[in-house]
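As structure tokens, the structure follows; a few thoughts come after it.
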Amino acid sequence: MEHRRDKARHPDAPRSGKGASYQHKRDRDAEGCASKRFRPGGQTFCSVPQSLSTRRQLYERDFPVYKQPVEVGCFSLDSERNFFSDSRQLRYYSDPGKSPKLNLRDGHHDRFIKRDESVKERLDHLLRWILENRVKLHSRNAATSPPCTLGVDFVTWRGHLTKLLTTPYETQEGWLLAVSRFGGTLYISEMETEAARVNRENRTERHEEMMYWGYKFEQYVCADDVHSVPDGCGVVNTNEAFCTVVQTRLADHKLLFSGEVDCRDKDPKSPPAPACYVELKTSAEICTPKQRSNFHRYKLLKWWAQSFLPGVPRIVAGFRDHDGVVVSVETFHISKISQLIKNEYNCWKPTVCMNFCSDFLSFVKSVVKEDDPRLVYLFAWEPHRDVTFSVHKDSEYTFLPDWYIKEMASQRNPETRQ
């Protein structure tokens with residue numbers, strides 16, 4: 001059922017690279033147009049806007065229409081990152097109690113297999129799912145889309161959309177999003193910024209260990225099947241993943257995206273996916289009003305955005321002490337987070353997040369017109385700046401793989417099949 005999700009709960013709602021062929025600059029005057037900024041709400045001063053403002057005041061409009069996300073499929077990645085179009089990696093939540101005293105440091109040095117973060121997978125796993133399920137996708141969207149298309153405007157990862165939702169309030173980290181139009185659909189894939197690469201390659205040992213703590217918490221509270229119990233003594237392998245694939249619509253943008261899911265509810269009477277899914281988090285224990293305020297203002301923003309997008313209804317958080325021991329567990333219902341933050345001064349607003357995301361997608365549509373998988377529009381943003389873009393042909397930013405392009409093309413043109 002289509003509705004304006006959360007509207008009733010929001011009373012306050014009212015760079016150039018290798019292979020670049022040409023680059024758009026924010027302050028360039030062209031064809032007599034002094035300013036080509038995309039106007040929030042979808043109107044532009046000129047036909048091809050050059051930038052998009054991220055000033056949060058511009059997005060304090062009514063909460064946009066966001067259809068209830070529908071799960072259209074799932075896939076799993078095993079311990080060696082092999083793809084399977086099924087739910088074999090789905091785990092089941094097991095309540096650890098309110099004060100479980102879980103040692104998150106256990107196993108970090110001797111029972112931990114970490115995924116190689118230098119390997120950039122782009123959209124590849126989601127694209128493999130699309131190839132295996134394109135007939136189902138086409139039949140699902142046949143009534144509203146022309147033949148031989150996916151029937152959606154955008155394909156991306158949930159994490160990329162999460163970054164867009166939080167952009168109006170982000171003050172530390174910028175992003176690069178590469179976009180290509182292929183078969184009438186816009187594909188969005190994140191590129192690592194130089195700052196992010198430097199941070200990743202220079203993490204402290206303490207930082208690496210704290211990243212492990214989140215995975216260890218998942219191991220403590222997740223069982224392999226509905227009848228078993230968690231095995232806190234096993235190996236933590238971050239190659240393994242279960243991902244949902246959902247379809248929805250934000251304003252007039254039809255979205256198909258995928259995101260990793262930590263676990264699902266064990267109760268056989270729980271609603272169908274994605275409403276049965278549970279997101280797991282860890283955070284430092286809250287001891288002072290200032291710490292709680294900061295938790296509401298910063299951490300809850302990202303937690304809310306990540307779960308709201310795919311329709312995951314609740315987050316279970318393990319609060320840990322300085323030594324990595326979980327001292328309390330708390331459940332946050334996504335539908336109630338706006339009430340938690342309403343008394344925080346100058347706090348983030350869900351309506352601003354969703355309106356900015358919607359306007360960014362409109363901005364992308366107005367810019368990326370040429371249907372060519374080898375042509376990449378690179379959208380760049382740094383805190384306190386506008387979103388700008390540059391255009392690159394056959395460059396290091398090309399992300400749609402040949403195997404996907406050829407298979408999709410052969411599907412549209414059966415005579416080209418070997």
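Just so we're on the same page: first chain in the structure tokens is A, next is B, and so on; residues restart at 1 for each chain, and ligands are numbered from 1 in the order they show up.
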- Got a sec to tell me which of segment 71-186 of chain A DSSP assigns to helix (DSSP H, G or I), as a ChimeraX atom specification? /A:124-141,158-169
- Task: Pick out each residue of segment 91-127 of chain A that DSSP on the backbone tags as strand (DSSP E); I need them as a PyMOL selection string.
- Result: chain A and resi 92-93+102-103+112-113
Those same residues - C-alpha atoms - I'd like them written as a JSON list (two decimals), in the first residue's frame.
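Wrote again34.json, looks like this:
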```
[["chain", "number", "residue", "atom", "x", "y", "z"],
["A", 92, "TYR", "CA", 17.96, -16.09, 13.26],
["A", 93, "TYR", "CA", 17.93, -13.64, 16.15],
["A", 102, "LEU", "CA", 29.28, -10.50, 26.22],
["A", 103, "ASN", "CA", 33.04, -10.18, 25.65],
["A", 112, "PHE", "CA", 38.72, -13.92, 12.69],
["A", 113, "ILE", "CA", 38.72, -14.00, 8.86]]
```
Report as a PDB file with N, CA, C and O atoms, in the first residue's frame all protein, DNA and RNA residues lying within 7 Å of Val376 of chain A, evaluated on only C-alpha atoms, omitting residues in the same chain fewer than 5 positions from it.
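Saved to result_38.pdb:
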```
ATOM      1  N   ALA A 178      29.379   7.196  -8.772  1.00  0.00           N
ATOM      2  CA  ALA A 178      29.440   7.056 -10.224  1.00  0.00           C
ATOM      3  C   ALA A 178      28.079   6.602 -10.733  1.00  0.00           C
ATOM      4  O   ALA A 178      27.442   5.724 -10.146  1.00  0.00           O
ATOM      5  N   VAL A 179      27.633   7.203 -11.843  1.00  0.00           N
ATOM      6  CA  VAL A 179      26.321   6.877 -12.409  1.00  0.00           C
ATOM      7  C   VAL A 179      26.464   6.619 -13.910  1.00  0.00           C
ATOM      8  O   VAL A 179      27.094   7.399 -14.624  1.00  0.00           O
ATOM      9  N   SER A 180      25.878   5.513 -14.361  1.00  0.00           N
ATOM     10  CA  SER A 180      25.791   5.211 -15.789  1.00  0.00           C
ATOM     11  C   SER A 180      24.362   4.843 -16.135  1.00  0.00           C
ATOM     12  O   SER A 180      23.678   4.173 -15.346  1.00  0.00           O
ATOM     13  N   VAL A 391      32.319  14.173 -16.138  1.00  0.00           N
ATOM     14  CA  VAL A 391      31.918  13.119 -17.065  1.00  0.00           C
ATOM     15  C   VAL A 391      33.158  12.416 -17.610  1.00  0.00           C
ATOM     16  O   VAL A 391      34.131  13.070 -17.995  1.00  0.00           O
ATOM     17  N   HIS A 392      33.113  11.066 -17.622  1.00  0.00           N
ATOM     18  CA  HIS A 392      34.290  10.272 -17.974  1.00  0.00           C
ATOM     19  C   HIS A 392      33.895   9.138 -18.918  1.00  0.00           C
ATOM     20  O   HIS A 392      32.948   8.411 -18.647  1.00  0.00           O
ATOM     21  N   LYS A 393      34.640   8.989 -20.009  1.00  0.00           N
ATOM     22  CA  LYS A 393      34.378   7.934 -20.991  1.00  0.00           C
ATOM     23  C   LYS A 393      35.502   6.908 -20.956  1.00  0.00           C
ATOM     24  O   LYS A 393      36.682   7.264 -21.021  1.00  0.00           O
ATOM     25  N   TYR A 397      36.700   4.894 -13.793  1.00  0.00           N
ATOM     26  CA  TYR A 397      35.442   4.927 -13.041  1.00  0.00           C
ATOM     27  C   TYR A 397      34.364   4.015 -13.642  1.00  0.00           C
ATOM     28  O   TYR A 397      33.314   3.821 -13.029  1.00  0.00           O
ATOM     29  N   THR A 398      34.601   3.464 -14.843  1.00  0.00           N
ATOM     30  CA  THR A 398      33.623   2.556 -15.446  1.00  0.00           C
ATOM     31  C   THR A 398      33.401   1.362 -14.520  1.00  0.00           C
ATOM     32  O   THR A 398      34.358   0.737 -14.065  1.00  0.00           O
TER      33      THR A 398
END
```
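Once Val387 of chain A and its same-chain neighbours fewer than 4 positions away are set aside, Ser51, Leu52, Ser53, Phe379, Ala380 and Trp381 of chain A remain within 7 Å of it when counting only C-alpha atoms.
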Go ahead and write the selection's residues with N, CA and C atoms as a compact mmCIF listing (two decimals), in the first residue's frame.
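New file again34.txt:
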```
# COMPACT_ATOMS: atom_id res chain seq x y z
N SER A 51 25.00 21.93 -10.42
CA SER A 51 25.24 21.60 -9.02
C SER A 51 23.92 21.47 -8.26
N LEU A 52 24.02 20.90 -7.08
CA LEU A 52 22.87 20.73 -6.20
C LEU A 52 23.28 21.14 -4.79
N SER A 53 22.53 22.04 -4.20
CA SER A 53 22.82 22.50 -2.85
C SER A 53 22.48 21.41 -1.84
N PHE A 379 29.49 12.00 -9.60
CA PHE A 379 28.94 13.03 -8.72
C PHE A 379 29.80 13.08 -7.45
N ALA A 380 30.24 14.28 -7.11
CA ALA A 380 31.17 14.47 -6.00
C ALA A 380 30.61 15.44 -4.99
N TRP A 381 30.86 15.14 -3.72
CA TRP A 381 30.42 16.05 -2.66
C TRP A 381 31.41 16.03 -1.50
```
- Item | Polymer residues at most 10 Å from segment 318-329 of chain A, only C-alpha atoms, same-chain spacing of 3 or more positions, as number ranges by chain | A: 95-106, 209-210, 213-214, 217-218, 280-286, 315
Residue contacts of Thr162 of chain A (7 Å, only C-alpha atoms) excluding same-chain residues fewer than 4 positions away, as a PDB file with N, CA, C and O atoms, in the first residue's frame:
```pdb
ATOM      1  N   ARG A 158      21.861  -0.266  -0.906  1.00  0.00           N
ATOM      2  CA  ARG A 158      21.206   0.476   0.166  1.00  0.00           C
ATOM      3  C   ARG A 158      22.177   1.446   0.834  1.00  0.00           C
ATOM      4  O   ARG A 158      21.813   2.572   1.195  1.00  0.00           O
ATOM      5  N   THR A 166      21.864  10.975   4.716  1.00  0.00           N
ATOM      6  CA  THR A 166      22.561  11.655   5.813  1.00  0.00           C
ATOM      7  C   THR A 166      23.381  12.855   5.358  1.00  0.00           C
ATOM      8  O   THR A 166      23.908  13.592   6.202  1.00  0.00           O
ATOM      9  N   ALA A 305      18.406   5.815   9.030  1.00  0.00           N
ATOM     10  CA  ALA A 305      18.438   5.847   7.568  1.00  0.00           C
ATOM     11  C   ALA A 305      18.682   4.461   6.993  1.00  0.00           C
ATOM     12  O   ALA A 305      18.017   4.036   6.028  1.00  0.00           O
ATOM     13  N   GLN A 306      19.608   3.732   7.587  1.00  0.00           N
ATOM     14  CA  GLN A 306      19.974   2.409   7.081  1.00  0.00           C
ATOM     15  C   GLN A 306      18.812   1.430   7.142  1.00  0.00           C
ATOM     16  O   GLN A 306      18.618   0.618   6.235  1.00  0.00           O
TER      17      GLN A 306
END
```
Listing only residues of segment 140-175 of chain A within 12 Å of segment 337-348 of chain A, what is the closest atom pair and its distance in Å (to one decimal) for each, using only C-alpha atoms, sorted by chain and residue number ascending, as a Markdown table?
```
| residue | atom | partner | partner_atom | distance |
| --- | --- | --- | --- | --- |
| A:Leu165 | CA | A:Trp348 | CA | 10.7 |
| A:Thr166 | CA | A:Trp348 | CA | 8.9 |
| A:Thr167 | CA | A:Trp348 | CA | 10.9 |
| A:Pro168 | CA | A:Trp348 | CA | 8.8 |
| A:Tyr169 | CA | A:Trp348 | CA | 7.0 |
| A:Glu170 | CA | A:Trp348 | CA | 10.3 |
```
Using only N, CA, C and O atoms, please write the residues we just selected to a file, as an mmCIF file, in the first residue's frame.
```cif
data_model
loop_
_atom_site.group_PDB
_atom_site.id
_atom_site.type_symbol
_atom_site.label_atom_id
_atom_site.label_comp_id
_atom_site.auth_asym_id
_atom_site.auth_seq_id
_atom_site.Cartn_x
_atom_site.Cartn_y
_atom_site.Cartn_z
ATOM 1 N N LEU A 165 20.875 10.076 2.267
ATOM 2 C CA LEU A 165 19.945 10.526 3.305
ATOM 3 C C LEU A 165 20.647 11.352 4.375
ATOM 4 O O LEU A 165 20.082 12.326 4.892
ATOM 5 N N THR A 166 21.864 10.975 4.716
ATOM 6 C CA THR A 166 22.561 11.655 5.813
ATOM 7 C C THR A 166 23.381 12.855 5.358
ATOM 8 O O THR A 166 23.908 13.592 6.202
ATOM 9 N N THR A 167 23.488 13.079 4.054
ATOM 10 C CA THR A 167 24.340 14.159 3.525
ATOM 11 C C THR A 167 24.044 15.543 4.101
ATOM 12 O O THR A 167 24.979 16.272 4.467
ATOM 13 N N PRO A 168 22.782 15.964 4.230
ATOM 14 C CA PRO A 168 22.540 17.324 4.745
ATOM 15 C C PRO A 168 23.075 17.555 6.160
ATOM 16 O O PRO A 168 23.220 18.713 6.578
ATOM 17 N N TYR A 169 23.374 16.484 6.881
ATOM 18 C CA TYR A 169 23.850 16.621 8.262
ATOM 19 C C TYR A 169 25.288 16.131 8.442
ATOM 20 O O TYR A 169 25.819 16.184 9.546
ATOM 21 N N GLU A 170 25.915 15.677 7.374
ATOM 22 C CA GLU A 170 27.276 15.141 7.453
ATOM 23 C C GLU A 170 28.299 16.282 7.439
ATOM 24 O O GLU A 170 28.219 17.181 6.604
#
```
- Task: List the neighbours of Cys263 of chain A out to 9 Å using only C-alpha atoms; skip same-chain residues closer than 2 positions along the sequence, and give me the result as a PyMOL selection string.
- Result: chain A and resi 90-93+218+222-223+242+261+265+276-280
- Query: Could you state the separation of atom CA of Leu400 of chain A and atom CA of Gly73 of chain A in Å, given to one decimal place?
  - Reply: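 Atom CA of Leu400 of chain A sits 21.1 Å away from atom CA of Gly73 of chain A.
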- Message: Measuring between only C-alpha atoms, which one of A:Thr244, A:Ser366, A:Asn355, A:Thr156 shows the shortest distance to Ser85 of chain A?
- Response: A:Thr244
Rows by chain and residue number, segment 88-139 of chain A within 12 Å of segment 252-257 of chain A, shortest pair, only C-alpha atoms, as a Markdown table:
```
| residue | atom | partner | partner_atom | distance |
| --- | --- | --- | --- | --- |
| A:Leu123 | CA | A:Phe257 | CA | 10.0 |
| A:His125 | CA | A:Phe257 | CA | 11.4 |
| A:Leu126 | CA | A:Phe257 | CA | 8.0 |
| A:Leu127 | CA | A:Phe257 | CA | 10.4 |
| A:Trp129 | CA | A:Phe257 | CA | 11.0 |
| A:Ile130 | CA | A:Leu256 | CA | 9.9 |
| A:Leu137 | CA | A:Leu256 | CA | 10.0 |
```
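Residue nearest Ser139 of chain A within the list A:Ile188, A:Val72, A:Met408, A:Ala317: A:Val72 [criterion: smallest interatomic distance, only C-alpha atoms].
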- Which is closer to Arg206 of chain A than all the others in A:Arg122, A:His108, A:Cys353, A:Gln68, using only C-alpha atoms?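 Among the listed residues, the smallest separation from Arg206 of chain A belongs to A:His108.
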- When distances are computed from only C-alpha atoms, which of A:Arg115, A:Leu131, A:Ala241, A:Tyr298 shows the smallest separation from Tyr212 of chain A?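 Between A:Arg115, A:Leu131, A:Ala241, A:Tyr298, the residue approaching Tyr212 of chain A most closely is A:Arg115.
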- Item | Proximity to Pro401 of chain A - best of A:Arg111, A:Arg61, A:Arg128, A:Arg134, only C-alpha atoms | A:Arg128
